[in-house]
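Trainee: File follows, structure-v4.tsv with TSV, N, CA and C atoms:
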chain	number	residue	atom	x	y	z
P	1	MET	N	-50.48	53.26	243.33
P	1	MET	CA	-49.34	54.14	243.53
P	1	MET	C	-49.34	54.61	244.98
P	2	ALA	N	-48.22	54.58	245.61
P	2	ALA	CA	-48.09	54.96	247.02
P	2	ALA	C	-48.16	56.49	247.17
P	3	HIS	N	-48.75	56.93	248.26
P	3	HIS	CA	-48.86	58.34	248.58
P	3	HIS	C	-47.55	58.81	249.21
P	4	ASP	N	-46.93	59.84	248.63
P	4	ASP	CA	-45.68	60.38	249.17
P	4	ASP	C	-45.81	61.89	249.27
P	5	PRO	N	-46.00	62.44	250.49
P	5	PRO	CA	-46.20	63.88	250.62
P	5	PRO	C	-45.02	64.71	250.15
P	6	TRP	N	-43.84	64.13	250.07
P	6	TRP	CA	-42.66	64.89	249.63
P	6	TRP	C	-42.67	65.10	248.12
P	7	THR	N	-43.36	64.25	247.38
P	7	THR	CA	-43.35	64.39	245.92
P	7	THR	C	-44.74	64.60	245.32
P	8	ASP	N	-45.81	64.32	246.08
P	8	ASP	CA	-47.16	64.53	245.55
P	8	ASP	C	-47.38	66.01	245.30
P	9	PRO	N	-48.13	66.35	244.26
P	9	PRO	CA	-48.33	67.76	243.94
P	9	PRO	C	-49.20	68.51	244.96
P	10	ASP	N	-49.96	67.79	245.76
P	10	ASP	CA	-50.87	68.45	246.70
P	10	ASP	C	-50.85	67.72	248.04
P	11	PRO	N	-49.85	68.01	248.90
P	11	PRO	CA	-49.82	67.36	250.21
P	11	PRO	C	-51.10	67.67	250.99
P	12	GLN	N	-51.50	66.74	251.82
P	12	GLN	CA	-52.72	66.86	252.59
P	12	GLN	C	-52.41	67.22	254.04
P	13	PRO	N	-53.39	67.83	254.76
P	13	PRO	CA	-53.16	68.13	256.18
P	13	PRO	C	-52.76	66.86	256.92
P	14	GLY	N	-51.75	66.98	257.75
P	14	GLY	CA	-51.28	65.85	258.53
P	14	GLY	C	-50.18	65.04	257.87
P	15	ASP	N	-49.91	65.28	256.59
P	15	ASP	CA	-48.90	64.50	255.88
P	15	ASP	C	-47.52	64.58	256.54
P	16	PHE	N	-47.21	65.70	257.16
P	16	PHE	CA	-45.87	65.88	257.73
P	16	PHE	C	-45.86	65.81	259.25
P	17	ASP	N	-46.97	65.40	259.85
P	17	ASP	CA	-47.05	65.35	261.31
P	17	ASP	C	-45.96	64.47	261.92
P	18	ALA	N	-45.72	63.31	261.34
P	18	ALA	CA	-44.72	62.39	261.88
P	18	ALA	C	-43.32	63.02	261.80
P	19	ASP	N	-43.04	63.69	260.68
P	19	ASP	CA	-41.73	64.34	260.53
P	19	ASP	C	-41.59	65.48	261.53
P	20	LEU	N	-42.64	66.26	261.72
P	20	LEU	CA	-42.58	67.38	262.67
P	20	LEU	C	-42.44	66.90	264.10
P	21	ALA	N	-43.04	65.75	264.42
P	21	ALA	CA	-42.96	65.21	265.78
P	21	ALA	C	-41.53	64.79	266.14
P	22	GLU	N	-40.71	64.50	265.14
P	22	GLU	CA	-39.34	64.08	265.37
P	22	GLU	C	-38.37	65.24	265.58
P	23	ILE	N	-38.81	66.47	265.33
P	23	ILE	CA	-37.94	67.63	265.49
P	23	ILE	C	-37.73	67.92	266.97
P	24	ASP	N	-36.49	68.12	267.34
P	24	ASP	CA	-36.16	68.47	268.72
P	24	ASP	C	-36.71	69.86	269.02
P	25	PRO	N	-37.58	69.99	270.04
P	25	PRO	CA	-38.20	71.29	270.35
P	25	PRO	C	-37.20	72.41	270.63
P	26	ARG	N	-35.96	72.04	271.00
P	26	ARG	CA	-34.96	73.08	271.24
P	26	ARG	C	-34.62	73.86	269.97
P	27	TYR	N	-34.91	73.25	268.82
P	27	TYR	CA	-34.56	73.89	267.56
P	27	TYR	C	-35.77	74.50	266.86
P	28	VAL	N	-36.86	74.64	267.57
P	28	VAL	CA	-38.08	75.21	267.00
P	28	VAL	C	-38.32	76.58	267.63
P	29	GLU	N	-38.54	77.58	266.78
P	29	GLU	CA	-38.82	78.92	267.26
P	29	GLU	C	-40.20	79.33	266.75
P	30	ALA	N	-40.99	79.92	267.63
P	30	ALA	CA	-42.30	80.44	267.23
P	30	ALA	C	-42.18	81.94	267.01
P	31	HIS	N	-42.77	82.42	265.95
P	31	HIS	CA	-42.74	83.84	265.63
P	31	HIS	C	-44.15	84.31	265.30
P	32	VAL	N	-44.43	85.53	265.69
P	32	VAL	CA	-45.71	86.13	265.33
P	32	VAL	C	-45.69	86.39	263.82
P	33	GLY	N	-46.79	86.10	263.18
P	33	GLY	CA	-46.87	86.32	261.73
P	33	GLY	C	-46.85	87.80	261.38
P	34	ASN	N	-46.43	88.10	260.18
P	34	ASN	CA	-46.39	89.46	259.69
P	34	ASN	C	-47.36	89.58	258.53
P	35	PRO	N	-48.48	90.29	258.70
P	35	PRO	CA	-49.46	90.40	257.62
P	35	PRO	C	-48.93	91.15	256.40
P	36	ASN	N	-47.82	91.86	256.55
P	36	ASN	CA	-47.23	92.60	255.43
P	36	ASN	C	-46.06	91.86	254.80
P	37	ALA	N	-45.82	90.63	255.24
P	37	ALA	CA	-44.68	89.86	254.73
P	37	ALA	C	-44.88	89.54	253.26
P	38	LYS	N	-43.79	89.35	252.57
P	38	LYS	CA	-43.81	88.98	251.16
P	38	LYS	C	-43.09	87.66	250.98
P	39	LEU	N	-43.53	86.91	250.01
P	39	LEU	CA	-42.91	85.65	249.65
P	39	LEU	C	-42.44	85.76	248.21
P	40	THR	N	-41.19	85.45	247.98
P	40	THR	CA	-40.66	85.47	246.62
P	40	THR	C	-40.54	84.04	246.14
P	41	ILE	N	-41.12	83.77	244.98
P	41	ILE	CA	-41.05	82.44	244.38
P	41	ILE	C	-40.23	82.55	243.10
P	42	VAL	N	-39.18	81.77	243.01
P	42	VAL	CA	-38.35	81.74	241.81
P	42	VAL	C	-38.87	80.59	240.95
P	43	LEU	N	-39.24	80.91	239.74
P	43	LEU	CA	-39.89	79.95	238.85
P	43	LEU	C	-39.12	79.88	237.55
P	44	GLY	N	-38.81	78.68	237.12
P	44	GLY	CA	-38.15	78.49	235.84
P	44	GLY	C	-39.14	77.91	234.83
P	45	VAL	N	-39.26	78.58	233.69
P	45	VAL	CA	-40.14	78.12	232.63
P	45	VAL	C	-39.31	78.04	231.36
P	46	GLU	N	-39.36	76.92	230.67
P	46	GLU	CA	-38.50	76.72	229.52
P	46	GLU	C	-39.30	76.25	228.30
P	47	ASP	N	-38.66	76.39	227.15
P	47	ASP	CA	-39.12	75.83	225.89
P	47	ASP	C	-40.55	76.25	225.56
P	48	GLU	N	-41.39	75.27	225.21
P	48	GLU	CA	-42.75	75.56	224.77
P	48	GLU	C	-43.57	76.23	225.88
P	49	ASP	N	-43.31	75.85	227.12
P	49	ASP	CA	-44.04	76.46	228.23
P	49	ASP	C	-43.73	77.95	228.32
P	50	ALA	N	-42.48	78.33	228.11
P	50	ALA	CA	-42.10	79.74	228.13
P	50	ALA	C	-42.76	80.50	226.99
P	51	GLU	N	-42.81	79.87	225.83
P	51	GLU	CA	-43.46	80.52	224.69
P	51	GLU	C	-44.95	80.73	224.96
P	52	ARG	N	-45.60	79.71	225.53
P	52	ARG	CA	-47.03	79.84	225.84
P	52	ARG	C	-47.26	80.92	226.89
P	53	LEU	N	-46.39	81.01	227.88
P	53	LEU	CA	-46.52	82.03	228.90
P	53	LEU	C	-46.36	83.42	228.29
P	54	GLN	N	-45.40	83.59	227.41
P	54	GLN	CA	-45.21	84.88	226.75
P	54	GLN	C	-46.42	85.24	225.89
P	55	GLN	N	-46.98	84.27	225.19
P	55	GLN	CA	-48.16	84.52	224.35
P	55	GLN	C	-49.36	84.91	225.21
P	56	LEU	N	-49.54	84.19	226.31
P	56	LEU	CA	-50.65	84.49	227.22
P	56	LEU	C	-50.49	85.89	227.80
P	57	ALA	N	-49.28	86.24	228.20
P	57	ALA	CA	-49.02	87.57	228.75
P	57	ALA	C	-49.31	88.65	227.71
P	58	ALA	N	-48.90	88.42	226.48
P	58	ALA	CA	-49.14	89.41	225.42
P	58	ALA	C	-50.64	89.59	225.18
P	59	ARG	N	-51.40	88.50	225.19
P	59	ARG	CA	-52.85	88.61	224.99
P	59	ARG	C	-53.52	89.37	226.13
P	60	ARG	N	-52.97	89.25	227.33
P	60	ARG	CA	-53.53	89.93	228.50
P	60	ARG	C	-52.95	91.33	228.70
P	61	HIS	N	-52.00	91.72	227.85
P	61	HIS	CA	-51.29	92.99	228.00
P	61	HIS	C	-50.63	93.08	229.38
P	62	GLN	N	-49.99	91.99	229.77
P	62	GLN	CA	-49.30	91.90	231.05
P	62	GLN	C	-47.89	91.37	230.83
P	63	LYS	N	-47.09	91.47	231.89
P	63	LYS	CA	-45.79	90.82	231.89
P	63	LYS	C	-45.99	89.36	232.30
P	64	PRO	N	-45.11	88.46	231.87
P	64	PRO	CA	-45.25	87.05	232.28
P	64	PRO	C	-45.34	86.87	233.79
P	65	ALA	N	-44.57	87.66	234.56
P	65	ALA	CA	-44.61	87.54	236.02
P	65	ALA	C	-46.00	87.89	236.56
P	66	GLU	N	-46.68	88.84	235.92
P	66	GLU	CA	-48.02	89.22	236.34
P	66	GLU	C	-49.02	88.10	236.07
P	67	VAL	N	-48.84	87.41	234.95
P	67	VAL	CA	-49.71	86.27	234.63
P	67	VAL	C	-49.53	85.18	235.68
P	68	VAL	N	-48.29	84.87	236.01
P	68	VAL	CA	-48.01	83.84	237.01
P	68	VAL	C	-48.61	84.24	238.35
P	69	ALA	N	-48.46	85.50	238.75
P	69	ALA	CA	-49.01	85.98	240.02
P	69	ALA	C	-50.53	85.84	240.03
P	70	ASP	N	-51.19	86.17	238.91
P	70	ASP	CA	-52.64	86.00	238.83
P	70	ASP	C	-53.04	84.54	238.96
P	71	LEU	N	-52.29	83.66	238.31
P	71	LEU	CA	-52.59	82.23	238.40
P	71	LEU	C	-52.43	81.71	239.82
P	72	LEU	N	-51.39	82.16	240.51
P	72	LEU	CA	-51.18	81.74	241.90
P	72	LEU	C	-52.30	82.25	242.80
P	73	ARG	N	-52.74	83.48	242.58
P	73	ARG	CA	-53.82	84.03	243.41
P	73	ARG	C	-55.13	83.29	243.21
P	74	SER	N	-55.36	82.82	241.99
P	74	SER	CA	-56.64	82.15	241.71
P	74	SER	C	-56.60	80.65	241.99
P	75	ALA	N	-55.44	80.13	242.37
P	75	ALA	CA	-55.32	78.69	242.61
P	75	ALA	C	-56.01	78.29	243.90
Could you quickly redo this structure as structure tokens?

Mentor:
Amino acid sequence: MAHDPWTDPDPQPGDFDADLAEIDPRYVEAHVGNPNAKLTIVLGVEDEDAERLQQLAARRHQKPAEVVADLLRSA
């Protein structure tokens, strides 16, 4: 199976170097990072997966969003 960084679940360092090299530098802006910045991830969970997430959240006495946040932090 061919390696495709656009669809593989875990892109590797350097996978997008060729694509980034093609970007016209006039359209690239550098910004200082913000340690207090937040990232919002919109996640859709359906059918049996949604039921399992709700059950897991109930067992942990958490909201489903809290379970997902914990999973992301431990990944």

Trainee: Residues near region 31-47 of chain P, anyone? I mean within 10 Å using only C-alpha atoms, not counting same-chain ones fewer than 4 positions away, as a list in words.

Mentor: Glu51, Arg52, Leu53, Ala65, Val68 and Ala69 of chain P

Trainee: Applying 8 Å and only C-alpha atoms, which residues near Val67 (chain P) remain after dropping the ones on its own chain fewer than 5 positions away? List them as a ChimeraX atom specification.

Mentor: /P:53,56-57,62

Trainee: Atom C of Thr7 (chain P) and atom C of Asp49 (chain P) are how many Å apart?

Mentor: 21.6 Å

Trainee: Could you write out, as a ChimeraX atom specification, all the residues of region 15-64 of chain P that DSSP marks as alpha helix (DSSP H)?

Mentor: /P:17-21,47-60,64

Trainee: For the selection you just gave me, I'd like the residues written to a file as a CSV table (one decimal), in the frame of the given file, keeping N, CA and C atoms.

Mentor:
chain,number,residue,atom,x,y,z
P,17,ASP,N,-47.0,65.4,259.8
P,17,ASP,CA,-47.0,65.4,261.3
P,17,ASP,C,-46.0,64.5,261.9
P,18,ALA,N,-45.7,63.3,261.3
P,18,ALA,CA,-44.7,62.4,261.9
P,18,ALA,C,-43.3,63.0,261.8
P,19,ASP,N,-43.0,63.7,260.7
P,19,ASP,CA,-41.7,64.3,260.5
P,19,ASP,C,-41.6,65.5,261.5
P,20,LEU,N,-42.6,66.3,261.7
P,20,LEU,CA,-42.6,67.4,262.7
P,20,LEU,C,-42.4,66.9,264.1
P,21,ALA,N,-43.0,65.8,264.4
P,21,ALA,CA,-43.0,65.2,265.8
P,21,ALA,C,-41.5,64.8,266.1
P,47,ASP,N,-38.7,76.4,227.2
P,47,ASP,CA,-39.1,75.8,225.9
P,47,ASP,C,-40.6,76.2,225.6
P,48,GLU,N,-41.4,75.3,225.2
P,48,GLU,CA,-42.8,75.6,224.8
P,48,GLU,C,-43.6,76.2,225.9
P,49,ASP,N,-43.3,75.8,227.1
P,49,ASP,CA,-44.0,76.5,228.2
P,49,ASP,C,-43.7,78.0,228.3
P,50,ALA,N,-42.5,78.3,228.1
P,50,ALA,CA,-42.1,79.7,228.1
P,50,ALA,C,-42.8,80.5,227.0
P,51,GLU,N,-42.8,79.9,225.8
P,51,GLU,CA,-43.5,80.5,224.7
P,51,GLU,C,-45.0,80.7,225.0
P,52,ARG,N,-45.6,79.7,225.5
P,52,ARG,CA,-47.0,79.8,225.8
P,52,ARG,C,-47.3,80.9,226.9
P,53,LEU,N,-46.4,81.0,227.9
P,53,LEU,CA,-46.5,82.0,228.9
P,53,LEU,C,-46.4,83.4,228.3
P,54,GLN,N,-45.4,83.6,227.4
P,54,GLN,CA,-45.2,84.9,226.8
P,54,GLN,C,-46.4,85.2,225.9
P,55,GLN,N,-47.0,84.3,225.2
P,55,GLN,CA,-48.2,84.5,224.4
P,55,GLN,C,-49.4,84.9,225.2
P,56,LEU,N,-49.5,84.2,226.3
P,56,LEU,CA,-50.6,84.5,227.2
P,56,LEU,C,-50.5,85.9,227.8
P,57,ALA,N,-49.3,86.2,228.2
P,57,ALA,CA,-49.0,87.6,228.8
P,57,ALA,C,-49.3,88.6,227.7
P,58,ALA,N,-48.9,88.4,226.5
P,58,ALA,CA,-49.1,89.4,225.4
P,58,ALA,C,-50.6,89.6,225.2
P,59,ARG,N,-51.4,88.5,225.2
P,59,ARG,CA,-52.8,88.6,225.0
P,59,ARG,C,-53.5,89.4,226.1
P,60,ARG,N,-53.0,89.2,227.3
P,60,ARG,CA,-53.5,89.9,228.5
P,60,ARG,C,-53.0,91.3,228.7
P,64,PRO,N,-45.1,88.5,231.9
P,64,PRO,CA,-45.2,87.0,232.3
P,64,PRO,C,-45.3,86.9,233.8

Trainee: So what do you get for atom C of Asp15 (chain P) versus atom C of His3 (chain P), distance-wise?

Mentor: 9.3 Å

Trainee: As AutoDock Vina command-line options, please: the centre and edge lengths in Å, to one decimal, of an axis-aligned box enclosing every listed atom of region 23-31 of chain P with 8 Å added on each side.

Mentor:
--center_x -39.4 --center_y 75.4 --center_z 268.3 --size_x 25.6 --size_y 33.8 --size_z 21.9

Trainee: Would you work out the distance separating CA of Ser74 (chain P) from atom N of Glu48 (chain P), expressed in Å to one decimal?

Mentor: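 CA of Ser74 (chain P) sits 23.5 Å away from atom N of Glu48 (chain P).
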